[in-house]
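Engineer: Take a look at this one; I'll ask things after.
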Amino acid sequence: MRQSYAYSILNSNIAKYLIEYEIKLRPLQTKLTERAYKYCMIYNPLTSNCLLNKMHRAVFILVSFCLLFLCSNLNAQSILNSPLSYIGMGELYPAEPATNLMMGGIGVSNSNGIYANSINPALLARNHYTVFEVGVNTELKTLQDYRQKQQVFGGNYESLQLTLPISNRWTASIGIRPHSAVDYTTKSYRRLNLLGVDSLIYGYEGKGSVTKLSFANGFRIGKEFYLGLEANYLFGTVNRNVSTQNMSDGQFYKIQLENLNSYSDFSFKAGLAYRKSLKNDLFVNVGATMDLTSKMSATQLNRFAIMDLSGMNMINADTLRNTYDFSQNLPVTTRFGLSLEKIAAWMVGIDYSQTDWSKVDNNLGRSTKQLPVSTKWSIGGEFTPDFTSVSNYFKRTTYRVGFSYAKTPYDFSSNGNYAIDKNLSFGIAFPLRNLSYFNVAYQVGKRGVLADNGMEEQYHRITIGLTLSDLWFQKQKIN
C-alpha cells in the first residue's frame, strides 16, 4: 500500500515536471531535473531507450515513410457524391485533423505542443517531440432537391503526417492528405419546339481528385513569436464531360466533349503567431495565415467522343486538341485566430477565415457570374480535468467541442443565394502512453436550404486520428 502510494506521488510530481519543461515548451534547451531524469529513465520511455530502443525507432521511421510513399501513389478519392464539387479543382477537403475538427476547426492561434498543427505552420515550432499522426474519416450524407432524395455513405484517409524538431527553435513537418475532389453528375432538359416533341438532354459529369504533399517549417523568433512557411506539391487528374442527346430521333447514343485536366505544381502558405503570458499559467494567443499562391500549372486534353447511353462503351472518338498547358486559378484563403488558454487545463478560441473565389472557374456552365468571397466563423474549446492525475484515467482525458458557420461559394440555383454550412462538433482525446492520444471527432451539420438553394445536404462525419509522440535525437541535460 505504501509503495503504491509513493509511486502515485512520484508520478504526480514527475507529471508536473513534464508540464513545466515540455508542455509549456518555454526553455530554449530540453532539460530535466535530476529527479525527473531518473524517473524518466526508469518509467518513461519518452526519454529512455529501455522500452523504446533504437531498433523500434528505426522501424517506426521506416513504416512512417512507407505509408507516406504508399499514400503518395493513391488518388484522393472523393468521400461521397458531391454535386457542389463543380467549381475549380473541386470541393476542398478540410485542412484540420481530428484534434481541430472536434473544436469547430479552430487552430490558427492555438497549439499545445503535443499535436502537430497543420493549419498554421508557424505553430509547429511549439512541438519539441517527434509526432506521427494518421487519420481516417467516414461520412453519412443525405442529399435532396425538388425531385429526389438520396442517402450515401463513404470514407477516406484523412491525413498522414510526421513532425520532427530540428532544433529548439525550428520544427519541420512532412505530410500527405487529400486536397480536393470532383464527383458530380447533373442533367438538364431543353425543348426544341413549342410542342415539346423534340428535346435535348444536356449532361454534366465530373470525376477526379487532387492530392497535397506538404513540407512545412515553423520557427520561434525571440521568446514567444513564431513564423512559418508551408510548401505544398499538388498533383492529380480531373475529367469533366459535357454531353448532349437528341430525344427526337430515337438516338441510342450521346455525343460527349471530354476535358481531361492534369495538375502538377507547387503552392505556398505563410503563417505567424504570438503568445502573451498573463498570470498563473494563463496565455493569450493570436495567429494568422495566408495562401501565397493564386495559380498553378496544369495541362488539358480535349476529346470528342460518341458513347452509348450507359456512358461506359465508346463508339467513336477523336482528339480535338492535343495536350496543352494552361493556368488553373486557385481560391486564396486568409485566416485569423484568437485564443485564451490555461496550460494543460483548458482553452477557448475563435477563428475567422475568408476565401476569394472570384477568379476560380465555374465549370457547370449554369452561370457566368463571378464567384464570391466566402467566409467562415469557428468557435471551440477543450478541457482536461486533471492532466497530472494518476488514479483517474478520465481526468487525464481531453474533451473538446466546437461550432462553425460558413457562407460557401455554391449557388446551385443561380439565384444569388449562396449555401450556408453550419455544423456542431465534439470529440474526445483518449490518452495512451507517452503523450500519445487516440482521437475521435464527430460532426453533424447541414449545408444549404432546399427553398433557397434548390439543394440541401445533411451530414454526419466521424474522424478517427492517432497521435504518437516520442523524444528523438536529443540528449537530456541534468541540472
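Note on naming: chains are A, B, ... as they come in the C-alpha cells, residues start from 1 per chain, ligands start from 1 in the order shown.
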If we count only C-alpha atoms, what is near Asn259 (chain A) at a cut-off of 7 Å, once residues fewer than 2 positions away on the same chain are taken out, given as a ChimeraX atom specification?

Structural biologist: /A:239-241,257,261,300-303

Engineer: If we count only C-alpha atoms and set the cut-off at 9 Å, which residues sit around Trp170 (chain A), ignoring sequence neighbours fewer than 5 positions away in its own chain? Please answer as a list in words.

Structural biologist: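 Residues near the query, excluding close chain neighbours: Leu124, Ala125, Arg126, Asn127, His128, Pro165, Asn217, Gly218, Phe219 and Arg220 of chain A.
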
Engineer: Taking N, CA and C atoms for each residue, export the selection above as a short mmCIF file (atom, residue, chain, number, x, y, z; two decimals), in the first residue's frame.

Structural biologist:
data_model
loop_
_atom_site.label_atom_id
_atom_site.label_comp_id
_atom_site.auth_asym_id
_atom_site.auth_seq_id
_atom_site.Cartn_x
_atom_site.Cartn_y
_atom_site.Cartn_z
N LEU A 124 4.20 25.03 -35.52
CA LEU A 124 4.99 23.81 -35.43
C LEU A 124 6.17 23.98 -34.49
N ALA A 125 6.65 25.19 -34.35
CA ALA A 125 7.81 25.45 -33.51
C ALA A 125 7.55 25.14 -32.04
N ARG A 126 6.29 24.97 -31.67
CA ARG A 126 5.97 24.61 -30.29
C ARG A 126 6.13 23.11 -30.05
N ASN A 127 6.33 22.34 -31.10
CA ASN A 127 6.49 20.89 -30.96
C ASN A 127 7.96 20.55 -30.73
N HIS A 128 8.28 20.04 -29.55
CA HIS A 128 9.62 19.58 -29.24
C HIS A 128 9.71 18.06 -29.27
N PRO A 165 11.35 17.82 -34.68
CA PRO A 165 12.06 19.02 -34.21
C PRO A 165 13.50 19.01 -34.69
N ASN A 217 7.58 24.28 -42.19
CA ASN A 217 8.59 24.64 -41.22
C ASN A 217 8.08 25.74 -40.31
N GLY A 218 8.31 25.57 -39.01
CA GLY A 218 7.93 26.59 -38.04
C GLY A 218 9.15 27.04 -37.25
N PHE A 219 9.27 28.35 -37.03
CA PHE A 219 10.43 28.92 -36.35
C PHE A 219 9.97 29.80 -35.19
N ARG A 220 10.69 29.71 -34.09
CA ARG A 220 10.43 30.60 -32.97
C ARG A 220 11.42 31.75 -33.02
#

Engineer: Skip Tyr226 (chain A) itself and residues of its chain fewer than 5 positions away, then list as a PyMOL selection string all residues within 12 Å of it, counting only C-alpha atoms.

Structural biologist: chain A and resi 108-109+111+120-127+169-171+217-221+270-276+285-289

Engineer: Once you have the residues from the selection above, write them out as an mmCIF file, in the first residue's frame, restricted to C-alpha atoms.

Structural biologist:
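Saved to out-v1.cif:
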data_model
loop_
_atom_site.group_PDB
_atom_site.id
_atom_site.type_symbol
_atom_site.label_atom_id
_atom_site.label_comp_id
_atom_site.auth_asym_id
_atom_site.auth_seq_id
_atom_site.Cartn_x
_atom_site.Cartn_y
_atom_site.Cartn_z
ATOM 1 C CA VAL A 108 -4.883 29.359 -36.322
ATOM 2 C CA SER A 109 -3.695 30.547 -32.901
ATOM 3 C CA SER A 111 -1.418 24.644 -30.249
ATOM 4 C CA ASN A 120 -0.757 27.367 -39.066
ATOM 5 C CA PRO A 121 2.815 26.256 -39.923
ATOM 6 C CA ALA A 122 4.283 28.822 -37.515
ATOM 7 C CA LEU A 123 2.957 26.876 -34.508
ATOM 8 C CA LEU A 124 4.991 23.806 -35.434
ATOM 9 C CA ALA A 125 7.813 25.448 -33.507
ATOM 10 C CA ARG A 126 5.971 24.609 -30.288
ATOM 11 C CA ASN A 127 6.491 20.887 -30.959
ATOM 12 C CA ARG A 169 13.673 26.918 -32.373
ATOM 13 C CA TRP A 170 12.902 25.030 -35.565
ATOM 14 C CA THR A 171 10.453 22.205 -36.259
ATOM 15 C CA ASN A 217 8.593 24.636 -41.216
ATOM 16 C CA GLY A 218 7.934 26.586 -38.037
ATOM 17 C CA PHE A 219 10.434 28.919 -36.352
ATOM 18 C CA ARG A 220 10.428 30.603 -32.966
ATOM 19 C CA ILE A 221 11.719 34.187 -33.115
ATOM 20 C CA ALA A 270 2.701 31.586 -44.677
ATOM 21 C CA GLY A 271 1.790 31.830 -41.019
ATOM 22 C CA LEU A 272 2.618 33.781 -37.889
ATOM 23 C CA ALA A 273 1.642 33.559 -34.224
ATOM 24 C CA TYR A 274 2.292 35.292 -30.909
ATOM 25 C CA ARG A 275 1.762 34.205 -27.297
ATOM 26 C CA LYS A 276 1.461 36.576 -24.352
ATOM 27 C CA ASN A 285 -2.627 33.617 -28.358
ATOM 28 C CA VAL A 286 -3.083 35.297 -31.727
ATOM 29 C CA GLY A 287 -2.302 33.917 -35.172
ATOM 30 C CA ALA A 288 -2.813 34.420 -38.899
ATOM 31 C CA THR A 289 -2.158 32.526 -42.131
#

Engineer: For region 146-163 of chain A, list every protein, DNA or RNA residue within 6 Å, evaluated using only C-alpha atoms, and leave out those in the same chain fewer than 3 positions away; present the list as a list in words.

Structural biologist: Ile79, Leu80, Thr130, Val131, Phe132, Glu133, Val134, Gly135, Val136, Asn137, Thr138, Glu139, Leu140, Lys141, Thr142, Leu143, Ala172, Ser173, Ile174, Gly175, Ile176 and Arg177 of chain A

Engineer: Which residue out of A:Tyr405, A:Phe383, A:Tyr393, A:Phe412 has the minimum interatomic distance to Gly427 (chain A) when only C-alpha atoms are used?

Structural biologist: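 That would be A:Phe383, the residue with the smallest distance to Gly427 (chain A).
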
Engineer: Report as JSON lines: every residue of region 441-467 of chain A with an atom at most 10 Å from region 100-104 of chain A, its closest pair of atoms, and their distance in Å to one decimal, counting only C-alpha atoms, with rows sorted by chain and ascending residue number.

Structural biologist:
{"residue": "A:Ala441", "atom": "CA", "partner": "A:Met102", "partner_atom": "CA", "distance": 5.1}
{"residue": "A:Tyr442", "atom": "CA", "partner": "A:Met102", "partner_atom": "CA", "distance": 6.7}
{"residue": "A:Gln443", "atom": "CA", "partner": "A:Met102", "partner_atom": "CA", "distance": 7.6}
{"residue": "A:Ile462", "atom": "CA", "partner": "A:Leu101", "partner_atom": "CA", "distance": 9.7}
{"residue": "A:Thr463", "atom": "CA", "partner": "A:Leu101", "partner_atom": "CA", "distance": 8.2}

Engineer: Between CA of Asn112 (chain A) and CA of Leu278 (chain A), what is the spacing in Å?

Structural biologist: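 Those two atoms sit 16.5 Å apart.
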
Engineer: Where does DSSP see strand (DSSP E) in region 277-401 of chain A, if you list the residues as a ChimeraX atom specification?

Structural biologist: /A:277,282-291,295-308,314-329,332-342,346-356,373-383,398-401

Engineer: Keeping only C-alpha atoms, write those residues as a short mmCIF file (atom, residue, chain, number, x, y, z; two decimals), in the first residue's frame.

Structural biologist:
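Written output follows (out_4.cif):
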data_model
loop_
_atom_site.label_atom_id
_atom_site.label_comp_id
_atom_site.auth_asym_id
_atom_site.auth_seq_id
_atom_site.Cartn_x
_atom_site.Cartn_y
_atom_site.Cartn_z
CA SER A 277 1.83 35.30 -20.81
CA LEU A 282 -2.61 31.77 -18.48
CA PHE A 283 -1.78 32.74 -22.06
CA VAL A 284 -3.48 34.73 -24.81
CA ASN A 285 -2.63 33.62 -28.36
CA VAL A 286 -3.08 35.30 -31.73
CA GLY A 287 -2.30 33.92 -35.17
CA ALA A 288 -2.81 34.42 -38.90
CA THR A 289 -2.16 32.53 -42.13
CA MET A 290 -2.34 33.46 -45.80
CA ASP A 291 -2.18 31.49 -49.02
CA LYS A 295 -2.46 29.97 -59.79
CA MET A 296 -0.95 26.63 -60.65
CA SER A 297 0.22 24.98 -63.84
CA ALA A 298 -1.91 22.29 -65.48
CA THR A 299 -2.41 20.51 -68.78
CA GLN A 300 -5.62 19.71 -70.65
CA LEU A 301 -6.57 17.25 -73.35
CA ASN A 302 -9.79 17.83 -75.35
CA ARG A 303 -11.54 14.89 -76.96
CA PHE A 304 -14.78 14.37 -78.86
CA ALA A 305 -16.49 11.02 -78.32
CA ILE A 306 -19.67 9.18 -79.24
CA MET A 307 -20.79 6.97 -76.37
CA ASP A 308 -23.63 4.55 -75.81
CA MET A 314 -17.18 4.26 -76.71
CA ILE A 315 -18.48 4.04 -80.26
CA ASN A 316 -16.09 6.55 -81.81
CA ALA A 317 -13.62 9.17 -80.59
CA ASP A 318 -11.40 11.90 -81.99
CA THR A 319 -8.89 14.22 -80.33
CA LEU A 320 -9.91 17.83 -80.85
CA ARG A 321 -6.81 19.35 -79.32
CA ASN A 322 -3.61 17.74 -78.15
CA THR A 323 -2.39 18.26 -74.61
CA TYR A 324 -1.66 21.92 -73.93
CA ASP A 325 -0.65 23.98 -70.90
CA PHE A 326 -2.95 26.33 -69.01
CA SER A 327 -3.14 28.04 -65.61
CA GLN A 328 -5.68 26.91 -63.03
CA ASN A 329 -6.84 29.71 -60.74
CA VAL A 332 -6.92 32.25 -51.82
CA THR A 333 -7.67 31.96 -48.10
CA THR A 334 -6.70 34.30 -45.25
CA ARG A 335 -7.25 33.16 -41.66
CA PHE A 336 -7.15 34.89 -38.27
CA GLY A 337 -7.35 33.35 -34.82
CA LEU A 338 -7.55 34.34 -31.16
CA SER A 339 -7.48 32.02 -28.16
CA LEU A 340 -7.09 32.01 -24.39
CA GLU A 341 -5.53 29.01 -22.64
CA LYS A 342 -4.52 27.76 -19.25
CA TRP A 346 -8.40 24.38 -20.81
CA MET A 347 -8.52 26.54 -23.94
CA VAL A 348 -11.18 28.54 -25.78
CA GLY A 349 -10.69 30.14 -29.18
CA ILE A 350 -12.28 31.70 -32.23
CA ASP A 351 -11.15 31.68 -35.88
CA TYR A 352 -12.27 33.70 -38.87
CA SER A 353 -11.36 32.97 -42.49
CA GLN A 354 -12.24 34.38 -45.88
CA THR A 355 -11.61 32.77 -49.26
CA ASP A 356 -11.52 34.68 -52.53
CA VAL A 373 -15.69 35.71 -51.31
CA SER A 374 -16.74 33.00 -48.86
CA THR A 375 -16.40 33.43 -45.10
CA LYS A 376 -16.26 31.12 -42.10
CA TRP A 377 -16.51 31.60 -38.34
CA SER A 378 -15.41 28.86 -35.95
CA ILE A 379 -15.51 28.73 -32.17
CA GLY A 380 -14.41 25.94 -29.89
CA GLY A 381 -12.58 24.82 -26.80
CA GLU A 382 -11.05 21.96 -24.86
CA PHE A 383 -10.93 20.88 -21.24
CA THR A 398 -9.29 15.79 -23.02
CA TYR A 399 -12.83 16.80 -24.04
CA ARG A 400 -13.48 19.17 -26.94
CA VAL A 401 -16.49 20.90 -28.50
#

Engineer: With distances taken over only C-alpha atoms, which residue among A:Gly236, A:Leu84, A:Arg433, A:Lys254 lies nearest Tyr418 (chain A)?

Structural biologist: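 So, comparing all the options, the nearest one is A:Leu84.
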
Engineer: Using only C-alpha atoms, which residues sit within 12 Å of region 406-410 of chain A once same-chain residues fewer than 5 positions away are excluded, as a PDB file with N, CA and C atoms, in the first residue's frame?

Structural biologist:
ATOM      1  N   SER A  82     -20.736  14.556 -54.604  1.00  0.00           N
ATOM      2  CA  SER A  82     -20.867  15.947 -54.194  1.00  0.00           C
ATOM      3  C   SER A  82     -21.259  16.799 -55.388  1.00  0.00           C
ATOM      4  N   PRO A  83     -22.542  17.101 -55.561  1.00  0.00           N
ATOM      5  CA  PRO A  83     -22.976  17.931 -56.689  1.00  0.00           C
ATOM      6  C   PRO A  83     -22.368  19.326 -56.679  1.00  0.00           C
ATOM      7  N   LEU A  84     -21.843  19.772 -55.540  1.00  0.00           N
ATOM      8  CA  LEU A  84     -21.278  21.104 -55.448  1.00  0.00           C
ATOM      9  C   LEU A  84     -19.773  21.132 -55.696  1.00  0.00           C
ATOM     10  N   SER A  85     -19.241  20.057 -56.259  1.00  0.00           N
ATOM     11  CA  SER A  85     -17.796  19.987 -56.490  1.00  0.00           C
ATOM     12  C   SER A  85     -17.412  20.422 -57.897  1.00  0.00           C
ATOM     13  N   TYR A  86     -18.295  21.147 -58.578  1.00  0.00           N
ATOM     14  CA  TYR A  86     -18.020  21.527 -59.969  1.00  0.00           C
ATOM     15  C   TYR A  86     -17.102  22.732 -60.072  1.00  0.00           C
ATOM     16  N   ILE A  87     -16.844  23.452 -58.976  1.00  0.00           N
ATOM     17  CA  ILE A  87     -16.065  24.679 -59.021  1.00  0.00           C
ATOM     18  C   ILE A  87     -14.573  24.365 -59.009  1.00  0.00           C
ATOM     19  N   GLY A  88     -13.811  24.993 -59.906  1.00  0.00           N
ATOM     20  CA  GLY A  88     -12.357  24.892 -59.896  1.00  0.00           C
ATOM     21  C   GLY A  88     -11.863  23.462 -59.958  1.00  0.00           C
ATOM     22  N   GLY A  90     -12.438  21.355 -57.671  1.00  0.00           N
ATOM     23  CA  GLY A  90     -13.354  20.526 -56.914  1.00  0.00           C
ATOM     24  C   GLY A  90     -13.593  21.053 -55.507  1.00  0.00           C
ATOM     25  N   GLU A  91     -14.327  20.274 -54.736  1.00  0.00           N
ATOM     26  CA  GLU A  91     -14.630  20.635 -53.361  1.00  0.00           C
ATOM     27  C   GLU A  91     -13.401  20.405 -52.493  1.00  0.00           C
ATOM     28  N   LEU A  92     -13.039  21.414 -51.706  1.00  0.00           N
ATOM     29  CA  LEU A  92     -11.843  21.336 -50.875  1.00  0.00           C
ATOM     30  C   LEU A  92     -12.102  20.488 -49.640  1.00  0.00           C
ATOM     31  N   GLY A 104     -14.664  22.671 -33.906  1.00  0.00           N
ATOM     32  CA  GLY A 104     -15.195  23.517 -34.964  1.00  0.00           C
ATOM     33  C   GLY A 104     -14.173  23.884 -36.015  1.00  0.00           C
ATOM     34  N   GLY A 105     -12.961  23.320 -35.927  1.00  0.00           N
ATOM     35  CA  GLY A 105     -11.923  23.599 -36.915  1.00  0.00           C
ATOM     36  C   GLY A 105     -10.951  24.678 -36.514  1.00  0.00           C
ATOM     37  N   PRO A 331      -8.470  29.254 -55.229  1.00  0.00           N
ATOM     38  CA  PRO A 331      -9.024  30.131 -54.182  1.00  0.00           C
ATOM     39  C   PRO A 331      -7.928  30.502 -53.196  1.00  0.00           C
ATOM     40  N   ASP A 351     -11.847  31.470 -34.605  1.00  0.00           N
ATOM     41  CA  ASP A 351     -11.150  31.677 -35.879  1.00  0.00           C
ATOM     42  C   ASP A 351     -12.092  32.304 -36.893  1.00  0.00           C
ATOM     43  N   TYR A 352     -11.523  33.127 -37.747  1.00  0.00           N
ATOM     44  CA  TYR A 352     -12.267  33.699 -38.871  1.00  0.00           C
ATOM     45  C   TYR A 352     -11.429  33.517 -40.130  1.00  0.00           C
ATOM     46  N   SER A 353     -12.079  33.120 -41.215  1.00  0.00           N
ATOM     47  CA  SER A 353     -11.360  32.970 -42.486  1.00  0.00           C
ATOM     48  C   SER A 353     -12.219  33.486 -43.622  1.00  0.00           C
ATOM     49  N   GLN A 354     -11.552  33.970 -44.661  1.00  0.00           N
ATOM     50  CA  GLN A 354     -12.236  34.375 -45.878  1.00  0.00           C
ATOM     51  C   GLN A 354     -11.465  33.858 -47.078  1.00  0.00           C
ATOM     52  N   THR A 355     -12.210  33.383 -48.077  1.00  0.00           N
ATOM     53  CA  THR A 355     -11.609  32.774 -49.256  1.00  0.00           C
ATOM     54  C   THR A 355     -12.117  33.478 -50.503  1.00  0.00           C
ATOM     55  N   ASP A 356     -11.192  33.965 -51.304  1.00  0.00           N
ATOM     56  CA  ASP A 356     -11.523  34.681 -52.531  1.00  0.00           C
ATOM     57  C   ASP A 356     -11.641  33.680 -53.682  1.00  0.00           C
ATOM     58  N   TRP A 357     -12.876  33.483 -54.176  1.00  0.00           N
ATOM     59  CA  TRP A 357     -13.151  32.574 -55.292  1.00  0.00           C
ATOM     60  C   TRP A 357     -13.370  33.317 -56.603  1.00  0.00           C
ATOM     61  N   SER A 358     -13.141  34.618 -56.636  1.00  0.00           N
ATOM     62  CA  SER A 358     -13.564  35.440 -57.770  1.00  0.00           C
ATOM     63  C   SER A 358     -12.921  35.033 -59.097  1.00  0.00           C
ATOM     64  N   LYS A 359     -11.723  34.449 -59.047  1.00  0.00           N
ATOM     65  CA  LYS A 359     -11.044  34.084 -60.287  1.00  0.00           C
ATOM     66  C   LYS A 359     -11.118  32.593 -60.598  1.00  0.00           C
ATOM     67  N   VAL A 360     -11.835  31.854 -59.771  1.00  0.00           N
ATOM     68  CA  VAL A 360     -11.944  30.405 -59.951  1.00  0.00           C
ATOM     69  C   VAL A 360     -13.058  30.093 -60.938  1.00  0.00           C
ATOM     70  N   ASP A 361     -12.862  29.081 -61.773  1.00  0.00           N
ATOM     71  CA  ASP A 361     -13.805  28.744 -62.828  1.00  0.00           C
ATOM     72  C   ASP A 361     -15.060  28.085 -62.274  1.00  0.00           C
ATOM     73  N   ASN A 362     -16.197  28.496 -62.832  1.00  0.00           N
ATOM     74  CA  ASN A 362     -17.467  27.819 -62.574  1.00  0.00           C
ATOM     75  C   ASN A 362     -17.700  26.868 -63.734  1.00  0.00           C
ATOM     76  N   ASN A 363     -17.416  25.587 -63.534  1.00  0.00           N
ATOM     77  CA  ASN A 363     -17.385  24.621 -64.631  1.00  0.00           C
ATOM     78  C   ASN A 363     -18.737  24.050 -65.016  1.00  0.00           C
ATOM     79  N   LEU A 364     -19.775  24.361 -64.237  1.00  0.00           N
ATOM     80  CA  LEU A 364     -21.074  23.774 -64.540  1.00  0.00           C
ATOM     81  C   LEU A 364     -21.774  24.485 -65.687  1.00  0.00           C
ATOM     82  N   ARG A 366     -23.854  26.959 -65.597  1.00  0.00           N
ATOM     83  CA  ARG A 366     -25.195  27.494 -65.342  1.00  0.00           C
ATOM     84  C   ARG A 366     -25.192  29.005 -65.172  1.00  0.00           C
ATOM     85  N   SER A 367     -24.059  29.538 -64.779  1.00  0.00           N
ATOM     86  CA  SER A 367     -23.999  30.964 -64.533  1.00  0.00           C
ATOM     87  C   SER A 367     -22.631  31.493 -64.926  1.00  0.00           C
ATOM     88  N   LYS A 369     -21.692  34.425 -63.664  1.00  0.00           N
ATOM     89  CA  LYS A 369     -21.384  35.387 -62.618  1.00  0.00           C
ATOM     90  C   LYS A 369     -20.055  35.053 -61.948  1.00  0.00           C
ATOM     91  N   GLN A 370     -19.379  36.095 -61.496  1.00  0.00           N
ATOM     92  CA  GLN A 370     -18.133  35.914 -60.756  1.00  0.00           C
ATOM     93  C   GLN A 370     -18.447  35.296 -59.407  1.00  0.00           C
ATOM     94  N   LEU A 371     -17.633  34.316 -59.010  1.00  0.00           N
ATOM     95  CA  LEU A 371     -17.836  33.678 -57.719  1.00  0.00           C
ATOM     96  C   LEU A 371     -17.500  34.650 -56.591  1.00  0.00           C
ATOM     97  N   PRO A 372     -18.103  34.476 -55.422  1.00  0.00           N
ATOM     98  CA  PRO A 372     -17.950  35.454 -54.337  1.00  0.00           C
ATOM     99  C   PRO A 372     -16.756  35.162 -53.438  1.00  0.00           C
ATOM    100  N   VAL A 373     -16.626  35.957 -52.404  1.00  0.00           N
ATOM    101  CA  VAL A 373     -15.689  35.710 -51.309  1.00  0.00           C
ATOM    102  C   VAL A 373     -16.456  34.977 -50.208  1.00  0.00           C
ATOM    103  N   SER A 374     -16.059  33.767 -49.909  1.00  0.00           N
ATOM    104  CA  SER A 374     -16.736  33.001 -48.863  1.00  0.00           C
ATOM    105  C   SER A 374     -16.099  33.311 -47.515  1.00  0.00           C
ATOM    106  N   THR A 375     -16.872  33.145 -46.450  1.00  0.00           N
ATOM    107  CA  THR A 375     -16.397  33.426 -45.099  1.00  0.00           C
ATOM    108  C   THR A 375     -16.755  32.272 -44.168  1.00  0.00           C
ATOM    109  N   LYS A 376     -15.996  32.168 -43.084  1.00  0.00           N
ATOM    110  CA  LYS A 376     -16.259  31.117 -42.103  1.00  0.00           C
ATOM    111  C   LYS A 376     -15.869  31.595 -40.709  1.00  0.00           C
ATOM    112  N   TRP A 377     -16.769  31.348 -39.752  1.00  0.00           N
ATOM    113  CA  TRP A 377     -16.508  31.601 -38.343  1.00  0.00           C
ATOM    114  C   TRP A 377     -16.493  30.264 -37.612  1.00  0.00           C
ATOM    115  N   SER A 378     -15.499  30.081 -36.749  1.00  0.00           N
ATOM    116  CA  SER A 378     -15.410  28.857 -35.951  1.00  0.00           C
ATOM    117  C   SER A 378     -15.108  29.231 -34.509  1.00  0.00           C
ATOM    118  N   ILE A 379     -15.753  28.524 -33.593  1.00  0.00           N
ATOM    119  CA  ILE A 379     -15.515  28.733 -32.171  1.00  0.00           C
ATOM    120  C   ILE A 379     -15.450  27.374 -31.503  1.00  0.00           C
ATOM    121  N   ASN A 415     -29.476  31.808 -58.281  1.00  0.00           N
ATOM    122  CA  ASN A 415     -30.406  32.860 -57.886  1.00  0.00           C
ATOM    123  C   ASN A 415     -29.777  33.864 -56.924  1.00  0.00           C
ATOM    124  N   GLY A 416     -28.465  33.774 -56.733  1.00  0.00           N
ATOM    125  CA  GLY A 416     -27.784  34.708 -55.848  1.00  0.00           C
ATOM    126  C   GLY A 416     -27.781  34.310 -54.388  1.00  0.00           C
ATOM    127  N   ASN A 417     -28.411  33.170 -54.047  1.00  0.00           N
ATOM    128  CA  ASN A 417     -28.421  32.681 -52.670  1.00  0.00           C
ATOM    129  C   ASN A 417     -27.329  31.617 -52.508  1.00  0.00           C
ATOM    130  N   TYR A 418     -26.300  31.960 -51.764  1.00  0.00           N
ATOM    131  CA  TYR A 418     -25.189  31.032 -51.574  1.00  0.00           C
ATOM    132  C   TYR A 418     -25.438  30.160 -50.345  1.00  0.00           C
ATOM    133  N   ALA A 419     -25.122  28.890 -50.492  1.00  0.00           N
ATOM    134  CA  ALA A 419     -25.424  27.915 -49.443  1.00  0.00           C
ATOM    135  C   ALA A 419     -24.659  28.234 -48.161  1.00  0.00           C
ATOM    136  N   ILE A 420     -25.353  28.079 -47.029  1.00  0.00           N
ATOM    137  CA  ILE A 420     -24.764  28.242 -45.706  1.00  0.00           C
ATOM    138  C   ILE A 420     -24.473  26.856 -45.126  1.00  0.00           C
ATOM    139  N   ASP A 421     -23.270  26.692 -44.607  1.00  0.00           N
ATOM    140  CA  ASP A 421     -22.848  25.424 -43.997  1.00  0.00           C
ATOM    141  C   ASP A 421     -22.689  25.636 -42.497  1.00  0.00           C
ATOM    142  N   LYS A 422     -23.515  24.939 -41.709  1.00  0.00           N
ATOM    143  CA  LYS A 422     -23.455  25.031 -40.247  1.00  0.00           C
ATOM    144  C   LYS A 422     -23.215  23.641 -39.684  1.00  0.00           C
ATOM    145  N   ASN A 423     -22.306  23.528 -38.720  1.00  0.00           N
ATOM    146  CA  ASN A 423     -22.120  22.227 -38.087  1.00  0.00           C
ATOM    147  C   ASN A 423     -21.702  22.366 -36.629  1.00  0.00           C
ATOM    148  N   GLY A 445     -24.027  18.326 -39.348  1.00  0.00           N
ATOM    149  CA  GLY A 445     -24.234  19.633 -39.954  1.00  0.00           C
ATOM    150  C   GLY A 445     -25.186  19.612 -41.125  1.00  0.00           C
ATOM    151  N   LYS A 446     -25.386  20.793 -41.661  1.00  0.00           N
ATOM    152  CA  LYS A 446     -26.310  20.985 -42.780  1.00  0.00           C
ATOM    153  C   LYS A 446     -25.742  22.050 -43.698  1.00  0.00           C
ATOM    154  N   ARG A 447     -25.790  21.790 -45.007  1.00  0.00           N
ATOM    155  CA  ARG A 447     -25.314  22.755 -45.997  1.00  0.00           C
ATOM    156  C   ARG A 447     -26.424  23.039 -46.989  1.00  0.00           C
ATOM    157  N   GLY A 448     -26.809  24.294 -47.075  1.00  0.00           N
ATOM    158  CA  GLY A 448     -27.870  24.697 -47.989  1.00  0.00           C
ATOM    159  C   GLY A 448     -29.261  24.485 -47.414  1.00  0.00           C
ATOM    160  N   VAL A 449     -30.216  25.215 -47.994  1.00  0.00           N
ATOM    161  CA  VAL A 449     -31.633  25.071 -47.656  1.00  0.00           C
ATOM    162  C   VAL A 449     -32.380  24.851 -48.955  1.00  0.00           C
ATOM    163  N   ASP A 452     -34.140  27.861 -50.578  1.00  0.00           N
ATOM    164  CA  ASP A 452     -33.286  28.973 -51.012  1.00  0.00           C
ATOM    165  C   ASP A 452     -32.273  28.573 -52.075  1.00  0.00           C
ATOM    166  N   ASN A 453     -31.735  27.370 -51.972  1.00  0.00           N
ATOM    167  CA  ASN A 453     -30.607  26.965 -52.809  1.00  0.00           C
ATOM    168  C   ASN A 453     -30.939  25.883 -53.818  1.00  0.00           C
ATOM    169  N   GLY A 454     -32.140  25.318 -53.765  1.00  0.00           N
ATOM    170  CA  GLY A 454     -32.508  24.264 -54.703  1.00  0.00           C
ATOM    171  C   GLY A 454     -31.916  22.912 -54.364  1.00  0.00           C
ATOM    172  N   MET A 455     -31.087  22.858 -53.323  1.00  0.00           N
ATOM    173  CA  MET A 455     -30.497  21.598 -52.881  1.00  0.00           C
ATOM    174  C   MET A 455     -30.096  21.727 -51.424  1.00  0.00           C
ATOM    175  N   GLU A 456     -30.143  20.603 -50.723  1.00  0.00           N
ATOM    176  CA  GLU A 456     -29.845  20.597 -49.299  1.00  0.00           C
ATOM    177  C   GLU A 456     -29.053  19.341 -48.954  1.00  0.00           C
TER     178      GLU A 456
END

Engineer: So which residues of region 333-421 of chain A fall under helix (DSSP H, G or I) by DSSP, listed as a list in words?

Structural biologist: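 Checking each residue of region 333-421 of chain A, the helix (DSSP H, G or I) ones are Tyr393, Phe394, Lys395 and Arg396 of chain A.
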